[in-house]
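J.: I am sharing target-v1.pdb, which consists of PDB, C-alpha atoms and all ligand atoms:
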```pdb
ATOM      1  CA  MET T 535     102.381  87.651  87.601
ATOM      2  CA  SER T 536     103.589  89.743  90.515
ATOM      3  CA  ARG T 537     101.194  92.170  92.184
ATOM      4  CA  HIS T 538     103.930  94.759  91.813
ATOM      5  CA  LEU T 539     104.098  94.592  88.046
ATOM      6  CA  PRO T 540     101.848  97.105  86.323
ATOM      7  CA  PRO T 541      99.823  95.679  83.417
ATOM      8  CA  GLY T 542     101.504  96.102  80.039
ATOM      9  CA  GLN T 543     105.001  95.996  81.525
ATOM     10  CA  PRO T 544     105.523  92.307  82.062
ATOM     11  CA  LEU T 545     108.710  90.600  83.004
ATOM     12  CA  LEU T 546     110.955  89.933  80.099
ATOM     13  CA  THR T 547     110.519  86.173  80.247
ATOM     14  CA  PHE T 548     112.038  83.423  78.186
ATOM     15  CA  PRO T 549     109.897  80.412  77.364
ATOM     16  CA  GLU T 550     112.884  78.137  76.797
ATOM     17  CA  ALA T 551     115.035  79.610  79.547
ATOM     18  CA  ASP T 552     117.065  76.435  79.874
ATOM     19  CA  LYS T 553     118.197  76.755  76.254
ATOM     20  CA  SER T 554     118.711  80.512  76.340
ATOM     21  CA  PRO T 555     122.034  82.220  76.998
ATOM     22  CA  LEU T 556     120.383  84.266  79.750
ATOM     23  CA  SER T 557     122.012  82.335  82.575
ATOM     24  CA  ILE T 558     121.797  78.934  84.146
ATOM     25  CA  ARG T 559     119.569  80.276  86.894
ATOM     26  CA  ALA T 560     117.704  83.252  85.492
ATOM     27  CA  LYS T 561     114.382  82.726  83.793
ATOM     28  CA  ALA T 562     113.568  86.390  83.300
ATOM     29  CA  LEU T 563     114.840  89.905  83.565
ATOM     30  CA  VAL T 564     112.881  92.160  85.881
ATOM     31  CA  PHE T 565     112.797  95.733  84.602
ATOM     32  CA  VAL T 566     110.049  97.752  86.258
ATOM     33  CA  ASP T 567     111.592 100.953  87.633
ATOM     34  CA  PRO T 568     111.607 103.795  85.056
ATOM     35  CA  ARG T 569     115.444 103.774  85.077
ATOM     36  CA  SER T 570     115.510 100.050  84.268
ATOM     37  CA  ARG T 571     112.925 100.446  81.532
ATOM     38  CA  LYS T 572     115.033 103.194  79.980
ATOM     39  CA  LEU T 573     118.007 100.839  80.146
ATOM     40  CA  ARG T 574     115.991  98.123  78.458
ATOM     41  CA  GLY T 575     115.309 100.557  75.598
ATOM     42  CA  GLU T 576     119.052 101.248  75.308
ATOM     43  CA  VAL T 577     119.771  97.500  75.212
ATOM     44  CA  GLU T 578     117.237  97.036  72.412
ATOM     45  CA  ARG T 579     118.961  99.821  70.473
ATOM     46  CA  LEU T 580     122.549  98.677  71.110
ATOM     47  CA  ALA T 581     122.193  94.891  70.896
ATOM     48  CA  PRO T 582     121.695  94.456  67.134
ATOM     49  CA  ALA T 583     124.263  97.158  66.260
ATOM     50  CA  GLY T 584     127.196  94.808  66.873
ATOM     51  CA  LEU T 585     129.201  97.564  68.582
ATOM     52  CA  PRO T 586     131.336  96.792  71.618
ATOM     53  CA  VAL T 587     129.516  97.550  74.859
ATOM     54  CA  LEU T 588     130.813  98.585  78.254
ATOM     55  CA  ILE T 589     128.450  97.960  81.178
ATOM     56  CA  ARG T 590     129.234  99.962  84.284
ATOM     57  CA  GLY T 591     127.687  99.084  87.590
ATOM     58  CA  GLU T 592     128.332  97.933  91.141
ATOM     59  CA  SER T 593     128.858  94.280  91.927
ATOM     60  CA  GLY T 594     125.658  92.231  91.913
ATOM     61  CA  THR T 595     123.577  94.717  89.900
ATOM     62  CA  GLY T 596     122.975  92.243  87.058
ATOM     63  CA  LYS T 597     125.724  93.157  84.574
ATOM     64  CA  GLU T 598     126.251  89.602  83.364
ATOM     65  CA  LEU T 599     122.530  89.059  82.947
ATOM     66  CA  LEU T 600     122.352  92.250  80.885
ATOM     67  CA  ALA T 601     125.304  91.105  78.761
ATOM     68  CA  ARG T 602     123.527  87.795  78.099
ATOM     69  CA  GLN T 603     120.457  89.743  77.069
ATOM     70  CA  ILE T 604     122.534  91.845  74.650
ATOM     71  CA  HIS T 605     123.845  88.632  73.106
ATOM     72  CA  ARG T 606     120.351  87.198  72.919
ATOM     73  CA  GLU T 607     119.003  90.272  71.153
ATOM     74  CA  SER T 608     122.020  90.584  68.850
ATOM     75  CA  GLY T 609     120.978  87.636  66.702
ATOM     76  CA  ARG T 610     124.572  86.390  66.677
ATOM     77  CA  SER T 611     124.625  82.638  66.226
ATOM     78  CA  GLY T 612     127.858  81.863  68.120
ATOM     79  CA  LEU T 613     128.263  81.261  71.836
ATOM     80  CA  PHE T 614     128.093  83.674  74.750
ATOM     81  CA  VAL T 615     131.412  83.146  76.548
ATOM     82  CA  ALA T 616     131.791  84.731  79.989
ATOM     83  CA  VAL T 617     135.259  85.267  81.424
ATOM     84  CA  SER T 618     136.143  86.897  84.714
ATOM     85  CA  CYS T 619     139.362  88.820  84.058
ATOM     86  CA  GLY T 620     140.377  88.692  87.716
ATOM     87  CA  ALA T 621     140.247  84.881  87.598
ATOM     88  CA  LEU T 622     142.658  84.549  84.641
ATOM     89  CA  SER T 623     145.878  82.860  85.678
ATOM     90  CA  PRO T 624     148.706  85.429  85.804
ATOM     91  CA  THR T 625     151.025  82.916  84.073
ATOM     92  CA  TRP T 626     148.689  81.537  81.442
ATOM     93  CA  ALA T 627     146.337  84.478  80.851
ATOM     94  CA  GLU T 628     147.442  84.954  77.246
ATOM     95  CA  ALA T 629     146.996  81.269  76.339
ATOM     96  CA  GLU T 630     143.676  81.101  78.229
ATOM     97  CA  LEU T 631     142.322  84.106  76.377
ATOM     98  CA  PHE T 632     143.803  83.759  72.914
ATOM     99  CA  GLY T 633     144.542  80.029  72.739
ATOM    100  CA  HIS T 634     147.724  78.200  71.792
ATOM    101  CA  ALA T 635     149.112  75.878  69.127
ATOM    102  CA  VAL T 636     150.289  72.287  69.710
ATOM    103  CA  GLY T 637     153.624  72.316  71.520
ATOM    104  CA  ALA T 638     153.438  76.063  72.284
ATOM    105  CA  TYR T 639     154.809  75.251  75.724
ATOM    106  CA  VAL T 640     155.816  72.164  77.675
ATOM    107  CA  GLY T 641     152.792  69.907  78.173
ATOM    108  CA  SER T 642     150.601  71.506  75.464
ATOM    109  CA  ALA T 643     149.896  68.283  73.576
ATOM    110  CA  CYS T 644     146.888  69.728  71.756
ATOM    111  CA  SER T 645     145.867  73.137  70.490
ATOM    112  CA  ARG T 646     143.258  75.317  72.190
ATOM    113  CA  ALA T 647     141.021  78.018  70.729
ATOM    114  CA  GLY T 648     141.072  80.028  73.975
ATOM    115  CA  TRP T 649     138.078  82.011  75.249
ATOM    116  CA  PHE T 650     138.381  84.494  72.398
ATOM    117  CA  GLY T 651     138.246  81.779  69.722
ATOM    118  CA  SER T 652     135.399  80.002  71.532
ATOM    119  CA  ALA T 653     133.304  83.162  71.172
ATOM    120  CA  ASN T 654     133.810  83.205  67.386
ATOM    121  CA  GLY T 655     130.515  84.329  65.807
ATOM    122  CA  GLY T 656     129.166  85.101  69.272
ATOM    123  CA  THR T 657     129.859  87.374  72.223
ATOM    124  CA  LEU T 658     132.815  87.481  74.591
ATOM    125  CA  TYR T 659     131.823  88.873  77.977
ATOM    126  CA  LEU T 660     134.799  90.142  79.967
ATOM    127  CA  ASP T 661     133.814  90.780  83.564
ATOM    128  CA  GLU T 662     135.933  93.347  85.440
ATOM    129  CA  ILE T 663     137.903  94.199  82.316
ATOM    130  CA  GLY T 664     139.965  96.620  84.427
ATOM    131  CA  ASP T 665     141.656  93.522  85.895
ATOM    132  CA  LEU T 666     142.904  92.346  82.490
ATOM    133  CA  PRO T 667     146.733  92.265  82.573
ATOM    134  CA  GLN T 668     148.025  95.405  80.865
ATOM    135  CA  ASN T 669     150.121  93.499  78.327
ATOM    136  CA  LEU T 670     146.933  91.826  77.050
ATOM    137  CA  GLN T 671     144.818  94.948  76.748
ATOM    138  CA  ASP T 672     146.357  96.128  73.469
ATOM    139  CA  LYS T 673     146.506  92.561  72.168
ATOM    140  CA  LEU T 674     142.772  92.271  72.806
ATOM    141  CA  LEU T 675     142.116  95.512  70.962
ATOM    142  CA  ALA T 676     144.246  94.371  68.007
ATOM    143  CA  ALA T 677     142.338  91.066  67.813
ATOM    144  CA  LEU T 678     138.991  92.892  67.856
ATOM    145  CA  GLU T 679     140.016  95.462  65.267
ATOM    146  CA  THR T 680     141.825  93.162  62.833
ATOM    147  CA  ARG T 681     139.386  90.261  63.429
ATOM    148  CA  GLU T 682     142.368  87.963  63.753
ATOM    149  CA  VAL T 683     143.813  86.279  66.771
ATOM    150  CA  GLN T 684     147.429  85.243  67.189
ATOM    151  CA  ARG T 685     147.455  82.010  69.197
ATOM    152  CA  LEU T 686     150.530  81.376  71.296
ATOM    153  CA  GLY T 687     153.090  79.449  69.218
ATOM    154  CA  ALA T 688     150.943  79.500  66.041
ATOM    155  CA  PRO T 689     152.707  80.468  62.807
ATOM    156  CA  GLN T 690     149.687  82.363  61.416
ATOM    157  CA  PRO T 691     146.858  84.409  62.865
ATOM    158  CA  THR T 692     143.377  82.808  62.911
ATOM    159  CA  PRO T 693     140.353  84.780  61.648
ATOM    160  CA  VAL T 694     137.746  85.461  64.345
ATOM    161  CA  ASP T 695     134.572  87.487  64.565
ATOM    162  CA  VAL T 696     133.898  88.406  68.169
ATOM    163  CA  ARG T 697     131.594  90.994  69.691
ATOM    164  CA  LEU T 698     132.958  92.264  72.988
ATOM    165  CA  VAL T 699     130.742  93.132  75.925
ATOM    166  CA  ALA T 700     132.786  94.184  78.936
ATOM    167  CA  ALA T 701     131.815  95.089  82.469
ATOM    168  CA  SER T 702     133.465  97.126  85.157
ATOM    169  CA  SER T 703     132.573  98.145  88.668
ATOM    170  CA  VAL T 704     135.374 100.704  88.723
ATOM    171  CA  ASP T 705     135.623 103.917  86.729
ATOM    172  CA  LEU T 706     137.839 102.980  83.787
ATOM    173  CA  ALA T 707     138.414 106.651  82.890
ATOM    174  CA  GLN T 708     140.185 107.013  86.231
ATOM    175  CA  ALA T 709     142.128 103.808  85.588
ATOM    176  CA  VAL T 710     143.243 105.315  82.256
ATOM    177  CA  ALA T 711     144.276 108.552  84.009
ATOM    178  CA  ALA T 712     146.271 106.492  86.519
ATOM    179  CA  GLY T 713     148.068 104.705  83.670
ATOM    180  CA  LYS T 714     146.493 101.352  84.660
ATOM    181  CA  PHE T 715     144.231 100.823  81.660
ATOM    182  CA  SER T 716     144.827 101.217  77.921
ATOM    183  CA  GLU T 717     143.383 104.488  76.675
ATOM    184  CA  ARG T 718     142.824 103.008  73.200
ATOM    185  CA  LEU T 719     140.893 100.037  74.560
ATOM    186  CA  TYR T 720     138.847 102.398  76.728
ATOM    187  CA  ARG T 721     137.940 104.541  73.711
ATOM    188  CA  TYR T 722     136.998 101.433  71.733
ATOM    189  CA  LEU T 723     134.693 100.256  74.538
ATOM    190  CA  ASP T 724     133.242 103.641  75.291
ATOM    191  CA  GLU T 725     131.338 103.673  71.982
ATOM    192  CA  GLY T 726     128.462 101.800  73.571
ATOM    193  CA  CYS T 727     128.240 102.526  77.259
ATOM    194  CA  LEU T 728     125.461 101.274  79.542
ATOM    195  CA  GLU T 729     125.078 102.439  83.122
ATOM    196  CA  LEU T 730     123.403  99.862  85.352
ATOM    197  CA  PRO T 731     122.247 101.775  88.444
ATOM    198  CA  ALA T 732     122.634 100.317  91.928
ATOM    199  CA  LEU T 733     119.438  98.678  93.209
ATOM    200  CA  ARG T 734     118.859 101.503  95.744
ATOM    201  CA  GLU T 735     118.764 103.929  92.790
ATOM    202  CA  ARG T 736     115.903 102.045  91.105
ATOM    203  CA  PRO T 737     113.587 101.378  94.031
ATOM    204  CA  GLY T 738     110.721 100.422  91.724
ATOM    205  CA  ASP T 739     112.544  97.154  90.988
ATOM    206  CA  ILE T 740     112.897  96.022  94.624
ATOM    207  CA  LEU T 741     109.464  94.490  95.264
ATOM    208  CA  PRO T 742     109.008  93.039  91.751
ATOM    209  CA  LEU T 743     112.450  91.419  92.041
ATOM    210  CA  ALA T 744     111.621  90.119  95.538
ATOM    211  CA  GLU T 745     108.384  88.550  94.266
ATOM    212  CA  TYR T 746     110.146  87.165  91.220
ATOM    213  CA  PHE T 747     112.843  85.503  93.385
ATOM    214  CA  LEU T 748     110.145  84.206  95.774
ATOM    215  CA  GLY T 749     108.435  82.525  92.833
ATOM    216  CA  VAL T 750     111.677  81.119  91.413
ATOM    217  CA  TYR T 751     112.890  79.671  94.727
ATOM    218  CA  ALA T 752     109.495  78.391  95.849
ATOM    219  CA  GLN T 753     109.191  76.487  92.581
ATOM    220  CA  ARG T 754     112.755  75.210  92.699
ATOM    221  CA  LEU T 755     112.473  74.025  96.310
ATOM    222  CA  GLY T 756     108.938  72.688  95.882
ATOM    223  CA  LEU T 757     107.620  74.990  98.623
ATOM    224  CA  PRO T 758     104.244  76.771  98.765
ATOM    225  CA  LEU T 759     104.460  80.408  97.677
ATOM    226  CA  PRO T 760     104.110  82.723 100.709
ATOM    227  CA  GLN T 761     102.886  86.320 100.565
ATOM    228  CA  LEU T 762     105.339  89.136 101.068
ATOM    229  CA  GLY T 763     103.818  90.801 104.154
ATOM    230  CA  ALA T 764     103.430  94.583 104.366
ATOM    231  CA  GLY T 765     106.117  94.857 107.071
ATOM    232  CA  ALA T 766     108.550  92.828 104.974
ATOM    233  CA  GLN T 767     107.820  94.978 101.929
ATOM    234  CA  LEU T 768     108.596  98.085 103.938
ATOM    235  CA  ALA T 769     111.838  96.587 105.245
ATOM    236  CA  LEU T 770     112.913  95.582 101.722
ATOM    237  CA  GLU T 771     112.179  99.031 100.346
ATOM    238  CA  ARG T 772     114.114 100.717 103.131
ATOM    239  CA  HIS T 773     117.236  98.570 102.962
ATOM    240  CA  PRO T 774     120.120 100.236 101.028
ATOM    241  CA  TRP T 775     121.173  96.976  99.256
ATOM    242  CA  PRO T 776     124.968  97.390  99.209
ATOM    243  CA  GLY T 777     125.154  93.943  97.567
ATOM    244  CA  ASN T 778     122.454  94.908  95.037
ATOM    245  CA  THR T 779     120.256  92.302  93.327
ATOM    246  CA  ARG T 780     122.505  89.405  94.341
ATOM    247  CA  GLU T 781     121.992  90.365  98.009
ATOM    248  CA  LEU T 782     118.218  90.667  97.493
ATOM    249  CA  GLU T 783     118.147  87.233  95.883
ATOM    250  CA  SER T 784     119.918  85.590  98.813
ATOM    251  CA  VAL T 785     117.765  87.457 101.369
ATOM    252  CA  ILE T 786     114.606  86.134  99.683
ATOM    253  CA  HIS T 787     116.030  82.631  99.373
ATOM    254  CA  PHE T 788     116.818  82.665 103.097
ATOM    255  CA  ALA T 789     113.403  84.108 104.015
ATOM    256  CA  LEU T 790     111.669  81.346 102.111
ATOM    257  CA  LEU T 791     113.615  78.703 103.979
ATOM    258  CA  VAL T 792     112.904  80.089 107.439
ATOM    259  CA  CYS T 793     109.293  81.147 106.848
ATOM    260  CA  SER T 794     106.939  78.545 108.258
ATOM    261  CA  GLY T 795     103.577  80.208 107.546
ATOM    262  CA  ASP T 796     102.023  81.738 104.479
ATOM    263  CA  GLU T 797     103.528  85.200 104.958
ATOM    264  CA  ILE T 798     107.090  86.505 104.898
ATOM    265  CA  LEU T 799     107.624  88.698 107.955
ATOM    266  CA  PRO T 800     110.422  91.241 108.507
ATOM    267  CA  ALA T 801     112.187  88.866 110.894
ATOM    268  CA  HIS T 802     112.482  86.266 108.114
ATOM    269  CA  LEU T 803     114.553  88.684 106.049
ATOM    270  CA  ASN T 804     117.312  88.875 108.625
ATOM    271  CA  LEU T 805     118.315  92.329 107.438
ATOM    272  CA  PRO T 806     120.778  94.234 109.618
ATOM    273  CA  SER T 807     119.014  96.804 111.748
ATOM    274  CA  SER T 808     119.953 100.242 110.524
ATOM    275  CA  ALA T 809     121.819 102.355 112.998
ATOM    276  CA  ALA T 810     120.076 105.518 111.850
ATOM    277  CA  PRO T 811     120.282 108.482 114.215
ATOM    278  CA  LEU T 812     117.084 109.367 116.045
ATOM    279  CA  ALA T 813     116.507 112.487 113.932
ATOM    280  CA  VAL T 814     116.503 110.413 110.743
ATOM    281  CA  ILE T 815     114.042 107.937 112.248
ATOM    282  CA  GLU T 816     111.768 110.787 113.360
ATOM    283  CA  GLU T 817     111.917 112.317 109.903
ATOM    284  CA  GLN T 818     111.036 108.970 108.293
ATOM    285  CA  LEU T 819     108.132 108.418 110.727
ATOM    286  CA  ALA T 820     106.713 111.821 109.855
ATOM    287  CA  ARG T 821     106.601 110.820 106.170
ATOM    288  CA  LEU T 822     104.698 107.542 106.666
ATOM    289  CA  ASP T 823     101.226 107.273 105.170
ATOM    290  CA  ALA T 824      98.300 105.507 106.879
ATOM    291  CA  ARG T 825      99.085 102.104 105.313
ATOM    292  CA  GLU T 826     102.738 102.281 106.311
ATOM    293  CA  LEU T 827     101.838 103.410 109.844
ATOM    294  CA  ALA T 828      99.466 100.476 110.198
ATOM    295  CA  SER T 829     102.213  98.082 109.012
ATOM    296  CA  LEU T 830     104.638  99.568 111.473
ATOM    297  CA  GLN T 831     102.156  99.229 114.343
ATOM    298  CA  ALA T 832     101.545  95.611 113.379
ATOM    299  CA  LEU T 833     105.285  95.058 113.256
ATOM    300  CA  LEU T 834     105.807  96.545 116.706
ATOM    301  CA  ALA T 835     102.900  94.512 118.069
ATOM    302  CA  GLN T 836     104.464  91.334 116.661
ATOM    303  CA  ALA T 837     107.749  92.214 118.302
ATOM    304  CA  GLY T 838     105.849  92.767 121.579
ATOM    305  CA  VAL T 839     106.802  96.474 121.802
TER     306      VAL T 839
HETATM  307  N1  LIG T 901     116.931  92.463  86.427
HETATM  308  C1  LIG T 901     117.075  91.232  86.945
HETATM  309  N2  LIG T 901     116.079  90.341  86.856
HETATM  310  C2  LIG T 901     116.210  89.100  87.374
HETATM  311  N3  LIG T 901     117.318  88.660  87.997
HETATM  312  C3  LIG T 901     118.346  89.512  88.121
HETATM  313  C4  LIG T 901     118.285  90.836  87.588
HETATM  314  N4  LIG T 901     119.460  91.460  87.845
HETATM  315  C5  LIG T 901     120.231  90.571  88.490
HETATM  316  N5  LIG T 901     119.583  89.388  88.654
HETATM  317  C6  LIG T 901     120.121  88.197  89.334
HETATM  318  O1  LIG T 901     120.999  88.701  90.356
HETATM  319  C7  LIG T 901     122.192  87.922  90.450
HETATM  320  C8  LIG T 901     123.397  88.808  90.196
HETATM  321  O2  LIG T 901     123.412  89.203  88.834
HETATM  322  P1  LIG T 901     124.766  89.204  87.955
HETATM  323  O3  LIG T 901     125.636  88.035  88.273
HETATM  324  O4  LIG T 901     124.356  89.389  86.520
HETATM  325  O5  LIG T 901     125.433  90.540  88.537
HETATM  326  P2  LIG T 901     126.854  91.221  88.174
HETATM  327  O6  LIG T 901     126.641  92.692  88.187
HETATM  328  O7  LIG T 901     127.376  90.616  86.902
HETATM  329  O8  LIG T 901     127.733  90.781  89.411
HETATM  330  P3  LIG T 901     129.356  90.843  89.549
HETATM  331  O9  LIG T 901     129.769  92.277  89.314
HETATM  332  O10 LIG T 901     129.590  90.441  90.976
HETATM  333  O11 LIG T 901     129.919  89.893  88.547
HETATM  334  C9  LIG T 901     122.047  86.802  89.425
HETATM  335  O12 LIG T 901     121.531  85.633  90.056
HETATM  336  C10 LIG T 901     121.034  87.347  88.435
HETATM  337  O13 LIG T 901     120.327  86.297  87.816
END
```
Taking this structure as input, can you express it in the form of structure tokens?
T.:
Amino acid sequence: MSRHLPPGQPLLTFPEADKSPLSIRAKALVFVDPRSRKLRGEVERLAPAGLPVLIRGESGTGKELLARQIHRESGRSGLFVAVSCGALSPTWAEAELFGHAVGAYVGSACSRAGWFGSANGGTLYLDEIGDLPQNLQDKLLAALETREVQRLGAPQPTPVDVRLVAASSVDLAQAVAAGKFSERLYRYLDEGCLELPALRERPGDILPLAEYFLGVYAQRLGLPLPQLGAGAQLALERHPWPGNTRELESVIHFALLVCSGDEILPAHLNLPSSAAPLAVIEEQLARLDARELASLQALLAQAGV
């Protein structure tokens, strides 16, 4: 277990990760920062309730992973089906989402359940739901409320039982105010709202996540597990992570590939140097403790300064 994980608060790991709906790559969810642990409590409360859930958070914060965890804890036996609304074809979005009957349009030689039907008994995860074409927003709400879906060209509606978990990186309330998003669908989703903070707002997760990704990638690539040096730890904690956990994951993956010794150094992280004004740097230096000062001196010595 990571040195940065306090005892009694282990990773949320999954023994049969390959068979779990967590994700193809993820083997665990790292929740160490107090804000993440609070979120984990909210997930435990919301997951079995069967309510729709809206996850709000910046890109790369882990929204899909959280949605998979909600499905996992819901006890629903159907599939977890993830759909990126921005990737739906403008022409065929309705058929892709709700399915179609045989002969519904030229070339449709067989019927399709659509993403909605595929999630029957399970969870439909709609990423960036704000990008869902407006004409489909009310149709989606009707299908969820009536538990019936009208496939394109089908004479009758088909019964479906779908739990919706949606995600958005934009403020849907503003999209509603701008007339770009259905107010009724927003109200339906807003019943169960989860806020996934940006990585910089839950700094206690940074080092545990870094160590977790080091372990995952070292194992996957068959490489020895290096230590995360003190200078590298400092650099990781100071970076603002605009790309959130996804950015941290790729930084650690890269560091592992370029690190030749048994310690990850700041240079291996290839983080952009911050263009902080001198006053900010002075203020940060004044706040360093003895351990951090020693790391900084070692760092400068390494760089030959
Ligand atoms: N708490 C966490 N523990 C372990 N891995 C995580 C955690 N959060 C995110 N990740 C990993 O970070 C990467 C990005 O997560 P994910 O795809 O869920 O983010 P997202 O918010 O859905 O992104 P986007 O908005 O771009 O779709 C994934 O590889 C995921 O496995």
J.: As AutoDock Vina command-line options, please: the centre and edge lengths in Å, to one decimal, of an axis-aligned box enclosing every listed atom of ligand LIG 901 (chain T) with 5 Å added on each side.
T.:
```
--center_x 123.0 --center_y 89.2 --center_z 88.7 --size_x 23.8 --size_y 17.1 --size_z 14.5
```
J.: Produce as a PyMOL selection string the set of residues near ligand LIG 901 (chain T), where near means within 7 Å with all atoms listed in the file considered.
T.: chain T and resi 557+559-560+562-565+591-600+661+703+743+779-780+783
J.: Name the residues captured by the PyMOL selection byres (((chain T and resi 660) around 6) and not hetatm) when it is applied to the shown file; answer as JSON, numbers by chain.
T.: {"T": [617, 618, 659, 661, 663, 700]}
J.: Translate the PyMOL selection byres (((chain T and resi 583) around 12) and not hetatm), as applied to the file shown, into an explicit residue set as a PDB file with C-alpha atoms, keeping the file's coordinate frame.
T.:
```
ATOM      1  CA  GLU T 576     119.052 101.248  75.308  1.00  0.00           C
ATOM      2  CA  VAL T 577     119.771  97.500  75.212  1.00  0.00           C
ATOM      3  CA  GLU T 578     117.237  97.036  72.412  1.00  0.00           C
ATOM      4  CA  ARG T 579     118.961  99.821  70.473  1.00  0.00           C
ATOM      5  CA  LEU T 580     122.549  98.677  71.110  1.00  0.00           C
ATOM      6  CA  ALA T 581     122.193  94.891  70.896  1.00  0.00           C
ATOM      7  CA  PRO T 582     121.695  94.456  67.134  1.00  0.00           C
ATOM      8  CA  GLY T 584     127.196  94.808  66.873  1.00  0.00           C
ATOM      9  CA  LEU T 585     129.201  97.564  68.582  1.00  0.00           C
ATOM     10  CA  PRO T 586     131.336  96.792  71.618  1.00  0.00           C
ATOM     11  CA  VAL T 587     129.516  97.550  74.859  1.00  0.00           C
ATOM     12  CA  ILE T 604     122.534  91.845  74.650  1.00  0.00           C
ATOM     13  CA  HIS T 605     123.845  88.632  73.106  1.00  0.00           C
ATOM     14  CA  GLU T 607     119.003  90.272  71.153  1.00  0.00           C
ATOM     15  CA  SER T 608     122.020  90.584  68.850  1.00  0.00           C
ATOM     16  CA  GLY T 609     120.978  87.636  66.702  1.00  0.00           C
ATOM     17  CA  ARG T 610     124.572  86.390  66.677  1.00  0.00           C
ATOM     18  CA  ARG T 697     131.594  90.994  69.691  1.00  0.00           C
ATOM     19  CA  GLU T 725     131.338 103.673  71.982  1.00  0.00           C
ATOM     20  CA  GLY T 726     128.462 101.800  73.571  1.00  0.00           C
TER      21      GLY T 726
END
```
J.: Evaluate the PyMOL selection byres (((chain T and resi 747) around 12) and not hetatm) here and jot the selected residues down as a PyMOL selection string.
T.: chain T and resi 536+559-564+739-746+748-755+759-760+762+779-790
J.: From the list T:Gly655, T:Pro731, T:Gly648, T:Pro758, which residue is nearest T:Val683 when using all atoms listed in the file?
T.: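 Answer, going by the shortest atom-to-atom distance: T:Gly648.
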J.: Looking at T:Ser652, T:Gly633, T:Glu735, T:Leu658, which one is nearest to T:Arg685, with distances taken over all atoms listed in the file?
T.: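 Smallest separation from T:Arg685 among the options: T:Gly633.
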J.: Quick one: pull the distance between atom CA of T:Leu799 and atom CA of T:Ala769, Å, one decimal.
T.: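 Computed distance, atom CA of T:Leu799 to atom CA of T:Ala769, equals 9.3 Å.
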J.: Measure the distance from atom CA of T:Ile589 to atom CA of T:Glu729 in Å and round it to one decimal.
T.: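 Between atom CA of T:Ile589 and atom CA of T:Glu729 the gap works out to 5.9 Å.
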J.: Which value, in Å to one decimal, gives the distance between atom CA of T:Asp665 and atom CA of T:Cys619?
T.: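 If I compute the distance from atom CA of T:Asp665 to atom CA of T:Cys619, I get 5.5 Å.
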J.: Which residue gives the smallest distance to T:Ala616 among T:Ala835, T:Ala601, T:Ala676, T:Val694, with all atoms listed in the file counted?
T.: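 Of T:Ala835, T:Ala601, T:Ala676, T:Val694, the one nearest T:Ala616, counting all atoms listed in the file, is T:Ala601.
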